[in-house]
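**Q** My structure is stored as target16.txt, with compact mmCIF, N, CA and C atoms.
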# COMPACT_ATOMS: atom_id res chain seq x y z
N MET G 1 -46.79 -5.05 -31.77
CA MET G 1 -45.64 -4.34 -32.30
C MET G 1 -44.48 -4.45 -31.32
N LEU G 2 -43.33 -4.69 -31.85
CA LEU G 2 -42.15 -4.77 -31.02
C LEU G 2 -41.66 -3.37 -30.68
N GLY G 3 -41.24 -3.19 -29.44
CA GLY G 3 -40.61 -1.95 -29.06
C GLY G 3 -39.14 -1.98 -29.43
N GLN G 4 -38.47 -0.85 -29.32
CA GLN G 4 -37.05 -0.77 -29.66
C GLN G 4 -36.23 -1.75 -28.83
N ASP G 5 -36.52 -1.87 -27.52
CA ASP G 5 -35.77 -2.79 -26.67
C ASP G 5 -35.95 -4.23 -27.09
N GLU G 6 -37.17 -4.61 -27.51
CA GLU G 6 -37.42 -5.97 -27.95
C GLU G 6 -36.72 -6.26 -29.26
N ALA G 7 -36.67 -5.28 -30.15
CA ALA G 7 -35.97 -5.47 -31.42
C ALA G 7 -34.49 -5.70 -31.18
N VAL G 8 -33.92 -4.96 -30.25
CA VAL G 8 -32.51 -5.12 -29.93
C VAL G 8 -32.27 -6.49 -29.31
N ALA G 9 -33.15 -6.91 -28.40
CA ALA G 9 -32.98 -8.19 -27.74
C ALA G 9 -33.07 -9.35 -28.71
N CYS G 10 -33.89 -9.21 -29.74
CA CYS G 10 -34.08 -10.32 -30.68
C CYS G 10 -32.89 -10.51 -31.61
N CYS G 11 -32.16 -9.46 -31.87
CA CYS G 11 -31.11 -9.53 -32.90
C CYS G 11 -29.84 -8.85 -32.43
N ALA G 12 -29.04 -9.56 -31.73
CA ALA G 12 -27.76 -9.01 -31.29
C ALA G 12 -26.88 -8.79 -32.51
N PRO G 13 -26.00 -7.80 -32.46
CA PRO G 13 -25.09 -7.61 -33.60
C PRO G 13 -24.33 -8.88 -33.93
N MET G 14 -24.10 -9.11 -35.20
CA MET G 14 -23.40 -10.32 -35.66
C MET G 14 -22.00 -10.42 -35.09
N VAL G 15 -21.41 -9.28 -34.74
CA VAL G 15 -20.04 -9.33 -34.21
C VAL G 15 -20.01 -9.81 -32.77
N ARG G 16 -21.17 -9.85 -32.11
CA ARG G 16 -21.22 -10.33 -30.72
C ARG G 16 -21.57 -11.80 -30.62
N GLU G 17 -22.48 -12.26 -31.46
CA GLU G 17 -22.89 -13.67 -31.42
C GLU G 17 -23.45 -14.09 -32.77
N PRO G 18 -23.27 -15.36 -33.13
CA PRO G 18 -23.77 -15.83 -34.43
C PRO G 18 -25.29 -15.91 -34.42
N LEU G 19 -25.87 -15.75 -35.59
CA LEU G 19 -27.32 -15.84 -35.76
C LEU G 19 -27.78 -17.29 -35.66
N GLY G 20 -28.94 -17.48 -35.06
CA GLY G 20 -29.57 -18.79 -35.06
C GLY G 20 -30.31 -18.99 -36.38
N GLU G 21 -30.69 -20.21 -36.64
CA GLU G 21 -31.34 -20.56 -37.91
C GLU G 21 -32.64 -19.79 -38.12
N GLU G 22 -33.48 -19.72 -37.10
CA GLU G 22 -34.77 -19.03 -37.23
C GLU G 22 -34.59 -17.53 -37.45
N ALA G 23 -33.71 -16.92 -36.68
CA ALA G 23 -33.46 -15.48 -36.83
C ALA G 23 -32.89 -15.18 -38.22
N ALA G 24 -31.98 -16.03 -38.68
CA ALA G 24 -31.38 -15.82 -40.01
C ALA G 24 -32.43 -15.92 -41.10
N ALA G 25 -33.36 -16.86 -40.97
CA ALA G 25 -34.40 -17.02 -41.99
C ALA G 25 -35.30 -15.79 -42.05
N GLY G 26 -35.72 -15.29 -40.90
CA GLY G 26 -36.58 -14.11 -40.87
C GLY G 26 -35.88 -12.86 -41.38
N LEU G 27 -34.66 -12.65 -40.94
CA LEU G 27 -33.91 -11.47 -41.37
C LEU G 27 -33.55 -11.53 -42.85
N SER G 28 -33.27 -12.73 -43.35
CA SER G 28 -32.92 -12.84 -44.77
C SER G 28 -34.11 -12.47 -45.66
N ARG G 29 -35.34 -12.75 -45.20
CA ARG G 29 -36.52 -12.33 -45.97
C ARG G 29 -36.57 -10.80 -46.07
N MET G 30 -36.23 -10.13 -44.98
CA MET G 30 -36.23 -8.66 -45.00
C MET G 30 -35.15 -8.14 -45.96
N PHE G 31 -33.94 -8.68 -45.83
CA PHE G 31 -32.86 -8.22 -46.71
C PHE G 31 -33.16 -8.54 -48.18
N LYS G 32 -33.74 -9.70 -48.43
CA LYS G 32 -34.09 -10.07 -49.80
C LYS G 32 -35.11 -9.10 -50.36
N ALA G 33 -36.09 -8.73 -49.55
CA ALA G 33 -37.10 -7.77 -50.01
C ALA G 33 -36.45 -6.43 -50.35
N LEU G 34 -35.47 -6.02 -49.57
CA LEU G 34 -34.80 -4.73 -49.79
C LEU G 34 -33.76 -4.78 -50.91
N SER G 35 -33.44 -5.97 -51.39
CA SER G 35 -32.40 -6.07 -52.42
C SER G 35 -32.88 -5.64 -53.79
N ASP G 36 -34.16 -5.45 -53.97
CA ASP G 36 -34.70 -4.99 -55.25
C ASP G 36 -34.77 -3.46 -55.24
N PRO G 37 -34.24 -2.80 -56.26
CA PRO G 37 -34.22 -1.33 -56.27
C PRO G 37 -35.61 -0.70 -56.20
N ILE G 38 -36.60 -1.31 -56.84
CA ILE G 38 -37.95 -0.74 -56.79
C ILE G 38 -38.49 -0.83 -55.37
N ARG G 39 -38.30 -1.97 -54.71
CA ARG G 39 -38.80 -2.11 -53.34
C ARG G 39 -38.08 -1.18 -52.38
N LEU G 40 -36.78 -1.01 -52.57
CA LEU G 40 -36.03 -0.08 -51.73
C LEU G 40 -36.54 1.34 -51.91
N ARG G 41 -36.79 1.72 -53.16
CA ARG G 41 -37.35 3.05 -53.42
C ARG G 41 -38.76 3.20 -52.86
N LEU G 42 -39.58 2.14 -52.97
CA LEU G 42 -40.93 2.19 -52.41
C LEU G 42 -40.88 2.41 -50.91
N LEU G 43 -40.01 1.68 -50.23
CA LEU G 43 -39.89 1.84 -48.79
C LEU G 43 -39.48 3.27 -48.44
N SER G 44 -38.56 3.81 -49.21
CA SER G 44 -38.12 5.19 -48.99
C SER G 44 -39.25 6.19 -49.23
N LEU G 45 -40.03 5.96 -50.29
CA LEU G 45 -41.17 6.84 -50.57
C LEU G 45 -42.19 6.79 -49.45
N ILE G 46 -42.47 5.60 -48.97
CA ILE G 46 -43.45 5.45 -47.89
C ILE G 46 -42.95 6.14 -46.62
N ALA G 47 -41.71 5.86 -46.26
CA ALA G 47 -41.14 6.42 -45.02
C ALA G 47 -41.05 7.94 -45.06
N SER G 48 -40.79 8.51 -46.22
CA SER G 48 -40.62 9.96 -46.32
C SER G 48 -41.91 10.70 -46.66
N HIS G 49 -43.00 9.98 -46.86
CA HIS G 49 -44.27 10.60 -47.21
C HIS G 49 -44.83 11.36 -46.02
N ASP G 50 -45.52 12.47 -46.29
CA ASP G 50 -46.14 13.26 -45.22
C ASP G 50 -47.02 12.37 -44.35
N GLY G 51 -46.86 12.46 -43.05
CA GLY G 51 -47.66 11.67 -42.14
C GLY G 51 -47.16 10.25 -41.94
N GLY G 52 -46.10 9.86 -42.67
CA GLY G 52 -45.53 8.54 -42.48
C GLY G 52 -46.28 7.41 -43.13
N GLU G 53 -47.30 7.72 -43.93
CA GLU G 53 -48.01 6.68 -44.66
C GLU G 53 -48.37 7.22 -46.04
N ALA G 54 -48.50 6.29 -46.98
CA ALA G 54 -48.78 6.70 -48.36
C ALA G 54 -49.84 5.80 -48.97
N CYS G 55 -50.69 6.41 -49.77
CA CYS G 55 -51.69 5.67 -50.53
C CYS G 55 -51.00 5.03 -51.72
N VAL G 56 -51.43 3.84 -52.07
CA VAL G 56 -50.85 3.18 -53.25
C VAL G 56 -50.99 4.08 -54.47
N CYS G 57 -52.01 4.92 -54.50
CA CYS G 57 -52.21 5.84 -55.62
C CYS G 57 -51.08 6.84 -55.74
N ASP G 58 -50.36 7.10 -54.63
CA ASP G 58 -49.22 8.03 -54.64
C ASP G 58 -47.90 7.34 -54.96
N LEU G 59 -47.92 6.02 -55.05
CA LEU G 59 -46.67 5.27 -55.19
C LEU G 59 -46.40 4.76 -56.60
N THR G 60 -47.33 4.94 -57.51
CA THR G 60 -47.15 4.38 -58.85
C THR G 60 -46.46 5.34 -59.82
N ALA G 61 -46.70 6.64 -59.69
CA ALA G 61 -46.18 7.62 -60.65
C ALA G 61 -44.66 7.64 -60.79
N PRO G 62 -43.88 7.50 -59.70
CA PRO G 62 -42.43 7.60 -59.85
C PRO G 62 -41.77 6.44 -60.59
N PHE G 63 -42.53 5.42 -60.95
CA PHE G 63 -41.95 4.22 -61.54
C PHE G 63 -42.45 3.99 -62.96
N ASP G 64 -41.61 3.38 -63.76
CA ASP G 64 -41.96 3.05 -65.14
C ASP G 64 -42.37 1.57 -65.22
N VAL G 65 -43.23 1.16 -64.29
CA VAL G 65 -43.77 -0.20 -64.27
C VAL G 65 -45.27 -0.10 -64.03
N SER G 66 -45.98 -1.18 -64.29
CA SER G 66 -47.43 -1.18 -64.16
C SER G 66 -47.85 -1.17 -62.69
N GLN G 67 -49.11 -0.80 -62.46
CA GLN G 67 -49.66 -0.79 -61.11
C GLN G 67 -49.66 -2.19 -60.50
N PRO G 68 -49.99 -3.25 -61.25
CA PRO G 68 -49.89 -4.58 -60.66
C PRO G 68 -48.47 -4.94 -60.20
N THR G 69 -47.47 -4.45 -60.91
CA THR G 69 -46.08 -4.71 -60.51
C THR G 69 -45.78 -3.99 -59.20
N ILE G 70 -46.24 -2.76 -59.06
CA ILE G 70 -46.06 -2.02 -57.81
C ILE G 70 -46.77 -2.75 -56.68
N SER G 71 -47.99 -3.23 -56.94
CA SER G 71 -48.73 -3.97 -55.92
C SER G 71 -47.98 -5.23 -55.49
N HIS G 72 -47.37 -5.91 -56.44
CA HIS G 72 -46.57 -7.10 -56.11
C HIS G 72 -45.40 -6.73 -55.20
N HIS G 73 -44.69 -5.66 -55.54
CA HIS G 73 -43.54 -5.24 -54.73
C HIS G 73 -43.99 -4.83 -53.32
N LEU G 74 -45.13 -4.16 -53.22
CA LEU G 74 -45.65 -3.78 -51.91
C LEU G 74 -46.04 -5.02 -51.10
N LYS G 75 -46.58 -6.02 -51.77
CA LYS G 75 -46.92 -7.28 -51.09
C LYS G 75 -45.66 -7.94 -50.54
N VAL G 76 -44.58 -7.94 -51.31
CA VAL G 76 -43.32 -8.52 -50.85
C VAL G 76 -42.82 -7.78 -49.61
N LEU G 77 -42.87 -6.45 -49.64
CA LEU G 77 -42.44 -5.65 -48.48
C LEU G 77 -43.31 -5.95 -47.26
N ARG G 78 -44.62 -6.09 -47.49
CA ARG G 78 -45.54 -6.39 -46.39
C ARG G 78 -45.28 -7.78 -45.82
N GLU G 79 -45.11 -8.78 -46.68
CA GLU G 79 -44.86 -10.15 -46.22
C GLU G 79 -43.51 -10.29 -45.53
N ALA G 80 -42.57 -9.43 -45.87
CA ALA G 80 -41.26 -9.44 -45.22
C ALA G 80 -41.30 -8.74 -43.86
N GLY G 81 -42.43 -8.10 -43.56
CA GLY G 81 -42.56 -7.43 -42.27
C GLY G 81 -41.97 -6.03 -42.23
N LEU G 82 -41.77 -5.43 -43.41
CA LEU G 82 -41.17 -4.09 -43.46
C LEU G 82 -42.20 -2.97 -43.50
N VAL G 83 -43.39 -3.26 -44.00
CA VAL G 83 -44.46 -2.26 -44.05
C VAL G 83 -45.76 -2.88 -43.56
N GLY G 84 -46.62 -2.01 -43.06
CA GLY G 84 -47.98 -2.39 -42.71
C GLY G 84 -48.91 -1.78 -43.73
N SER G 85 -50.14 -2.27 -43.80
CA SER G 85 -51.09 -1.72 -44.76
C SER G 85 -52.51 -1.81 -44.22
N GLU G 86 -53.37 -0.98 -44.82
CA GLU G 86 -54.78 -0.96 -44.44
C GLU G 86 -55.59 -0.46 -45.63
N ARG G 87 -56.67 -1.18 -45.93
CA ARG G 87 -57.57 -0.74 -47.00
C ARG G 87 -58.52 0.29 -46.43
N ARG G 88 -58.64 1.41 -47.14
CA ARG G 88 -59.58 2.48 -46.79
C ARG G 88 -60.37 2.80 -48.04
N GLY G 89 -61.58 2.29 -48.11
CA GLY G 89 -62.38 2.47 -49.31
C GLY G 89 -61.77 1.67 -50.45
N THR G 90 -61.48 2.34 -51.55
CA THR G 90 -60.91 1.65 -52.71
C THR G 90 -59.38 1.66 -52.70
N TRP G 91 -58.77 2.41 -51.77
CA TRP G 91 -57.32 2.54 -51.75
C TRP G 91 -56.70 1.80 -50.58
N VAL G 92 -55.45 1.39 -50.76
CA VAL G 92 -54.69 0.77 -49.68
C VAL G 92 -53.59 1.75 -49.28
N TYR G 93 -53.44 1.93 -47.98
CA TYR G 93 -52.40 2.81 -47.44
C TYR G 93 -51.31 1.97 -46.80
N TYR G 94 -50.08 2.43 -46.94
CA TYR G 94 -48.91 1.71 -46.44
C TYR G 94 -48.11 2.62 -45.52
N TRP G 95 -47.48 2.02 -44.51
CA TRP G 95 -46.57 2.72 -43.61
C TRP G 95 -45.41 1.80 -43.28
N MET G 96 -44.29 2.39 -42.99
CA MET G 96 -43.09 1.64 -42.64
C MET G 96 -43.22 1.14 -41.21
N LEU G 97 -42.69 -0.06 -40.93
CA LEU G 97 -42.67 -0.59 -39.57
C LEU G 97 -41.27 -0.35 -39.00
N PRO G 98 -41.13 0.68 -38.17
CA PRO G 98 -39.80 1.05 -37.67
C PRO G 98 -39.10 -0.06 -36.90
N GLU G 99 -39.87 -0.93 -36.24
CA GLU G 99 -39.24 -2.01 -35.48
C GLU G 99 -38.50 -2.98 -36.40
N ALA G 100 -38.98 -3.14 -37.63
CA ALA G 100 -38.30 -4.02 -38.58
C ALA G 100 -36.94 -3.43 -38.97
N LEU G 101 -36.91 -2.14 -39.24
CA LEU G 101 -35.63 -1.51 -39.59
C LEU G 101 -34.70 -1.47 -38.39
N ALA G 102 -35.26 -1.38 -37.18
CA ALA G 102 -34.43 -1.42 -35.98
C ALA G 102 -33.74 -2.78 -35.86
N LYS G 103 -34.45 -3.87 -36.20
CA LYS G 103 -33.84 -5.20 -36.17
C LYS G 103 -32.67 -5.27 -37.13
N LEU G 104 -32.89 -4.77 -38.36
CA LEU G 104 -31.83 -4.84 -39.37
C LEU G 104 -30.63 -4.00 -38.96
N SER G 105 -30.87 -2.80 -38.47
CA SER G 105 -29.74 -1.95 -38.11
C SER G 105 -29.01 -2.48 -36.88
N THR G 106 -29.75 -3.06 -35.94
CA THR G 106 -29.10 -3.65 -34.76
C THR G 106 -28.22 -4.81 -35.17
N LEU G 107 -28.69 -5.63 -36.08
CA LEU G 107 -27.92 -6.78 -36.55
C LEU G 107 -26.60 -6.35 -37.17
N LEU G 108 -26.62 -5.26 -37.92
CA LEU G 108 -25.44 -4.80 -38.64
C LEU G 108 -24.55 -3.86 -37.83
N GLU G 109 -24.98 -3.52 -36.64
CA GLU G 109 -24.24 -2.59 -35.80
C GLU G 109 -22.85 -3.14 -35.46
N ILE G 110 -21.86 -2.29 -35.59
CA ILE G 110 -20.49 -2.65 -35.22
C ILE G 110 -20.09 -1.76 -34.06
N PRO G 111 -19.95 -2.33 -32.87
CA PRO G 111 -19.52 -1.53 -31.73
C PRO G 111 -18.17 -0.89 -32.01
N ALA G 112 -17.97 0.32 -31.54
CA ALA G 112 -16.74 1.08 -31.82
C ALA G 112 -15.49 0.31 -31.41
N MET G 113 -15.56 -0.43 -30.33
CA MET G 113 -14.40 -1.18 -29.84
C MET G 113 -14.08 -2.38 -30.74
N SER G 114 -15.09 -2.89 -31.46
CA SER G 114 -14.89 -4.08 -32.30
C SER G 114 -14.40 -3.74 -33.70
N ALA G 115 -14.57 -2.49 -34.08
CA ALA G 115 -14.19 -2.10 -35.44
C ALA G 115 -12.66 -2.16 -35.57
N LYS G 116 -12.20 -2.88 -36.55
CA LYS G 116 -10.77 -2.99 -36.78
C LYS G 116 -10.41 -2.21 -38.04
N ALA G 117 -9.36 -1.50 -37.98
CA ALA G 117 -8.90 -0.75 -39.14
C ALA G 117 -8.31 -1.72 -40.16
N PRO G 118 -8.54 -1.47 -41.45
CA PRO G 118 -7.94 -2.33 -42.47
C PRO G 118 -6.42 -2.22 -42.41
N THR G 119 -5.77 -3.33 -42.72
CA THR G 119 -4.30 -3.34 -42.69
C THR G 119 -3.74 -3.17 -44.07
Have the structure of the file written as structure tokens, please.

**A**
Amino acid sequence: MLGQDEAVACCAPMVREPLGEEAAAGLSRMFKALSDPIRLRLLSLIASHDGGEACVCDLTAPFDVSQPTISHHLKVLREAGLVGSERRGTWVYYWMLPEALAKLSTLLEIPAMSAKAPT
């Protein structure tokens, strides 16, 4: 697991230096995964769930889609590196990976001195 300092070191804000090809490819997978409203809501449900993890059985009711569709969206989030998972008996539990969100937020960070007012 990456620590906060490692996440910051890997992804300097775009306003400081341009992204390399490898970093852009990895980060774009994360942003692409979050661009779907169901996946964004799933990530929010997981992150806000008691204890910071949620059983897949708790994630299907809020949506008007089938359980296999929810499983597909969770797989996309997992493959993008945004959530971790573990099978416990017949259920799979998911948790958010905070270091992934730290990478995304660090990338988009605009230092106060660099922010320009619109003209």

**Q** List every residue of chain G that DSSP, applied to the backbone of this structure, places in strand (DSSP E), and write the result as a PyMOL selection string.

**A** chain G and resi 53-55+83-88+91-96

**Q** Pick out each residue of chain G that DSSP on the backbone tags as helix (DSSP H, G or I); I need them as a PyMOL selection string.

**A** chain G and resi 4-10+21-34+37-48+50-52+56-59+67-79+98-108

**Q** Kindly indicate which residue among G:Ala100, G:Ile46, G:Ala54, G:Ile38 lies nearest to Thr69 (chain G), using only C-alpha atoms for the distances.

**A**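 With only C-alpha atoms as the atom set, the closest residue is G:Ile38.
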
**Q** If we count only N, CA and C atoms and set the cut-off at 8 Å, which residues sit around His73 (chain G), ignoring sequence neighbours fewer than 5 positions away in its own chain? Please answer as a PyMOL selection string.

**A** chain G and resi 38-39+42+67-68+78-79

**Q** If you measure from CA of Leu107 (chain G) to CA of Glu86 (chain G), what distance in Å do you get, rounded to one decimal?

**A**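 Going from CA of Leu107 (chain G) over to CA of Glu86 (chain G), I get 28.6 Å.
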
**Q** Find the distance between CA of Leu82 (chain G) and CA of Leu43 (chain G) and write it in Å to one decimal.

**A** 8.1 Å

**Q** To one decimal in Å, tell me the separation between CA of Cys55 (chain G) and CA of Lys75 (chain G).

**A**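 The value is 13.8 Å.
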
**Q** Could you give me, as a list in words, the residues within 8 Å of region 24-27 of chain G, counting all atoms listed in the file and dropping anything in the same chain fewer than 6 positions from it?

**A** Pro18, Ala33, Ala80, Lys103 and Leu104 of chain G

**Q** Can I get the selected residues back with N, CA and C atoms, as a short mmCIF file (atom, residue, chain, number, x, y, z; two decimals), keeping the file's coordinate frame?

**A**
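Full text of result.cif as output:
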data_model
loop_
_atom_site.label_atom_id
_atom_site.label_comp_id
_atom_site.auth_asym_id
_atom_site.auth_seq_id
_atom_site.Cartn_x
_atom_site.Cartn_y
_atom_site.Cartn_z
N PRO G 18 -23.27 -15.36 -33.13
CA PRO G 18 -23.77 -15.83 -34.43
C PRO G 18 -25.29 -15.91 -34.42
N ALA G 33 -36.09 -8.73 -49.55
CA ALA G 33 -37.10 -7.77 -50.01
C ALA G 33 -36.45 -6.43 -50.35
N ALA G 80 -42.57 -9.43 -45.87
CA ALA G 80 -41.26 -9.44 -45.22
C ALA G 80 -41.30 -8.74 -43.86
N LYS G 103 -34.45 -3.87 -36.20
CA LYS G 103 -33.84 -5.20 -36.17
C LYS G 103 -32.67 -5.27 -37.13
N LEU G 104 -32.89 -4.77 -38.36
CA LEU G 104 -31.83 -4.84 -39.37
C LEU G 104 -30.63 -4.00 -38.96
#

**Q** May I ask which of the residues G:Glu22, G:Glu17, G:Glu53, G:Asp64 is the closest one to Glu109 (chain G), counting only C-alpha atoms?

**A**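 Smallest separation from Glu109 (chain G) among the options: G:Glu17.
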
**Q** For each of G:Leu108, G:Val56, G:Ala61, G:Ala23, take the minimum atom-to-atom distance to Leu74 (chain G), counting only C-alpha atoms, then give the residue where this is smallest.

**A**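 Once distances to Leu74 (chain G) are computed over only C-alpha atoms, the minimum belongs to G:Val56.
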
**Q** Go through G:Ala102, G:Leu97, G:Cys57, G:Leu45 one by one, measure the shortest atom-to-atom distance of each to Ser71 (chain G) using only C-alpha atoms, and give the residue with the smallest value.

**A**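 For Ser71 (chain G), the nearest of the candidates is G:Cys57.
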
**Q** At a cut-off of 7 Å, using all atoms listed in the file, what residues contact Gly84 (chain G)? Leave out same-chain residues fewer than 6 positions from it and give the result as a list in words.

**A**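 The residues that qualify are Leu77, Arg78, Tyr93, Tyr94, Trp95, Met96 and Leu97 of chain G.
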
**Q** Print the selection's residues with N, CA and C atoms to a file, as an mmCIF file, in the coordinates of the input.

**A**
data_model
loop_
_atom_site.group_PDB
_atom_site.id
_atom_site.type_symbol
_atom_site.label_atom_id
_atom_site.label_comp_id
_atom_site.auth_asym_id
_atom_site.auth_seq_id
_atom_site.Cartn_x
_atom_site.Cartn_y
_atom_site.Cartn_z
ATOM 1 N N LEU G 77 -42.870 -6.450 -49.640
ATOM 2 C CA LEU G 77 -42.440 -5.650 -48.480
ATOM 3 C C LEU G 77 -43.310 -5.950 -47.260
ATOM 4 N N ARG G 78 -44.620 -6.090 -47.490
ATOM 5 C CA ARG G 78 -45.540 -6.390 -46.390
ATOM 6 C C ARG G 78 -45.280 -7.780 -45.820
ATOM 7 N N TYR G 93 -53.440 1.930 -47.980
ATOM 8 C CA TYR G 93 -52.400 2.810 -47.440
ATOM 9 C C TYR G 93 -51.310 1.970 -46.800
ATOM 10 N N TYR G 94 -50.080 2.430 -46.940
ATOM 11 C CA TYR G 94 -48.910 1.710 -46.440
ATOM 12 C C TYR G 94 -48.110 2.620 -45.520
ATOM 13 N N TRP G 95 -47.480 2.020 -44.510
ATOM 14 C CA TRP G 95 -46.570 2.720 -43.610
ATOM 15 C C TRP G 95 -45.410 1.800 -43.280
ATOM 16 N N MET G 96 -44.290 2.390 -42.990
ATOM 17 C CA MET G 96 -43.090 1.640 -42.640
ATOM 18 C C MET G 96 -43.220 1.140 -41.210
ATOM 19 N N LEU G 97 -42.690 -0.060 -40.930
ATOM 20 C CA LEU G 97 -42.670 -0.590 -39.570
ATOM 21 C C LEU G 97 -41.270 -0.350 -39.000
#

**Q** Taking N, CA, C and O atoms as the atom set, what does region 101-112 of chain G look like once completed, written as a PDB file, keeping the file's coordinate frame?

**A**
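Final output, saved to rebuild-v8.pdb:
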ATOM      1  N   LEU G 101     -36.910  -2.140 -39.240  1.00  0.00           N
ATOM      2  CA  LEU G 101     -35.630  -1.510 -39.590  1.00  0.00           C
ATOM      3  C   LEU G 101     -34.700  -1.470 -38.390  1.00  0.00           C
ATOM      4  O   LEU G 101     -33.486  -1.569 -38.547  1.00  0.00           O
ATOM      5  N   ALA G 102     -35.260  -1.380 -37.180  1.00  0.00           N
ATOM      6  CA  ALA G 102     -34.430  -1.420 -35.980  1.00  0.00           C
ATOM      7  C   ALA G 102     -33.740  -2.780 -35.860  1.00  0.00           C
ATOM      8  O   ALA G 102     -32.570  -2.861 -35.495  1.00  0.00           O
ATOM      9  N   LYS G 103     -34.450  -3.870 -36.200  1.00  0.00           N
ATOM     10  CA  LYS G 103     -33.840  -5.200 -36.170  1.00  0.00           C
ATOM     11  C   LYS G 103     -32.670  -5.270 -37.130  1.00  0.00           C
ATOM     12  O   LYS G 103     -31.602  -5.775 -36.793  1.00  0.00           O
ATOM     13  N   LEU G 104     -32.890  -4.770 -38.360  1.00  0.00           N
ATOM     14  CA  LEU G 104     -31.830  -4.840 -39.370  1.00  0.00           C
ATOM     15  C   LEU G 104     -30.630  -4.000 -38.960  1.00  0.00           C
ATOM     16  O   LEU G 104     -29.484  -4.451 -39.093  1.00  0.00           O
ATOM     17  N   SER G 105     -30.870  -2.800 -38.470  1.00  0.00           N
ATOM     18  CA  SER G 105     -29.740  -1.950 -38.110  1.00  0.00           C
ATOM     19  C   SER G 105     -29.010  -2.480 -36.880  1.00  0.00           C
ATOM     20  O   SER G 105     -27.786  -2.389 -36.806  1.00  0.00           O
ATOM     21  N   THR G 106     -29.750  -3.060 -35.940  1.00  0.00           N
ATOM     22  CA  THR G 106     -29.100  -3.650 -34.760  1.00  0.00           C
ATOM     23  C   THR G 106     -28.220  -4.810 -35.170  1.00  0.00           C
ATOM     24  O   THR G 106     -27.101  -4.972 -34.671  1.00  0.00           O
ATOM     25  N   LEU G 107     -28.690  -5.630 -36.080  1.00  0.00           N
ATOM     26  CA  LEU G 107     -27.920  -6.780 -36.550  1.00  0.00           C
ATOM     27  C   LEU G 107     -26.600  -6.350 -37.170  1.00  0.00           C
ATOM     28  O   LEU G 107     -25.570  -6.972 -36.957  1.00  0.00           O
ATOM     29  N   LEU G 108     -26.620  -5.260 -37.920  1.00  0.00           N
ATOM     30  CA  LEU G 108     -25.440  -4.800 -38.640  1.00  0.00           C
ATOM     31  C   LEU G 108     -24.550  -3.860 -37.830  1.00  0.00           C
ATOM     32  O   LEU G 108     -23.491  -3.450 -38.298  1.00  0.00           O
ATOM     33  N   GLU G 109     -24.980  -3.520 -36.640  1.00  0.00           N
ATOM     34  CA  GLU G 109     -24.240  -2.590 -35.800  1.00  0.00           C
ATOM     35  C   GLU G 109     -22.850  -3.140 -35.460  1.00  0.00           C
ATOM     36  O   GLU G 109     -22.689  -4.303 -35.125  1.00  0.00           O
ATOM     37  N   ILE G 110     -21.860  -2.290 -35.590  1.00  0.00           N
ATOM     38  CA  ILE G 110     -20.490  -2.650 -35.220  1.00  0.00           C
ATOM     39  C   ILE G 110     -20.090  -1.760 -34.060  1.00  0.00           C
ATOM     40  O   ILE G 110     -19.920  -0.555 -34.226  1.00  0.00           O
ATOM     41  N   PRO G 111     -19.950  -2.330 -32.870  1.00  0.00           N
ATOM     42  CA  PRO G 111     -19.520  -1.530 -31.730  1.00  0.00           C
ATOM     43  C   PRO G 111     -18.170  -0.890 -32.010  1.00  0.00           C
ATOM     44  O   PRO G 111     -17.300  -1.504 -32.647  1.00  0.00           O
ATOM     45  N   ALA G 112     -17.970   0.320 -31.540  1.00  0.00           N
ATOM     46  CA  ALA G 112     -16.740   1.080 -31.820  1.00  0.00           C
ATOM     47  C   ALA G 112     -15.490   0.310 -31.410  1.00  0.00           C
ATOM     48  O   ALA G 112     -14.469   0.351 -32.078  1.00  0.00           O
TER      49      ALA G 112
END
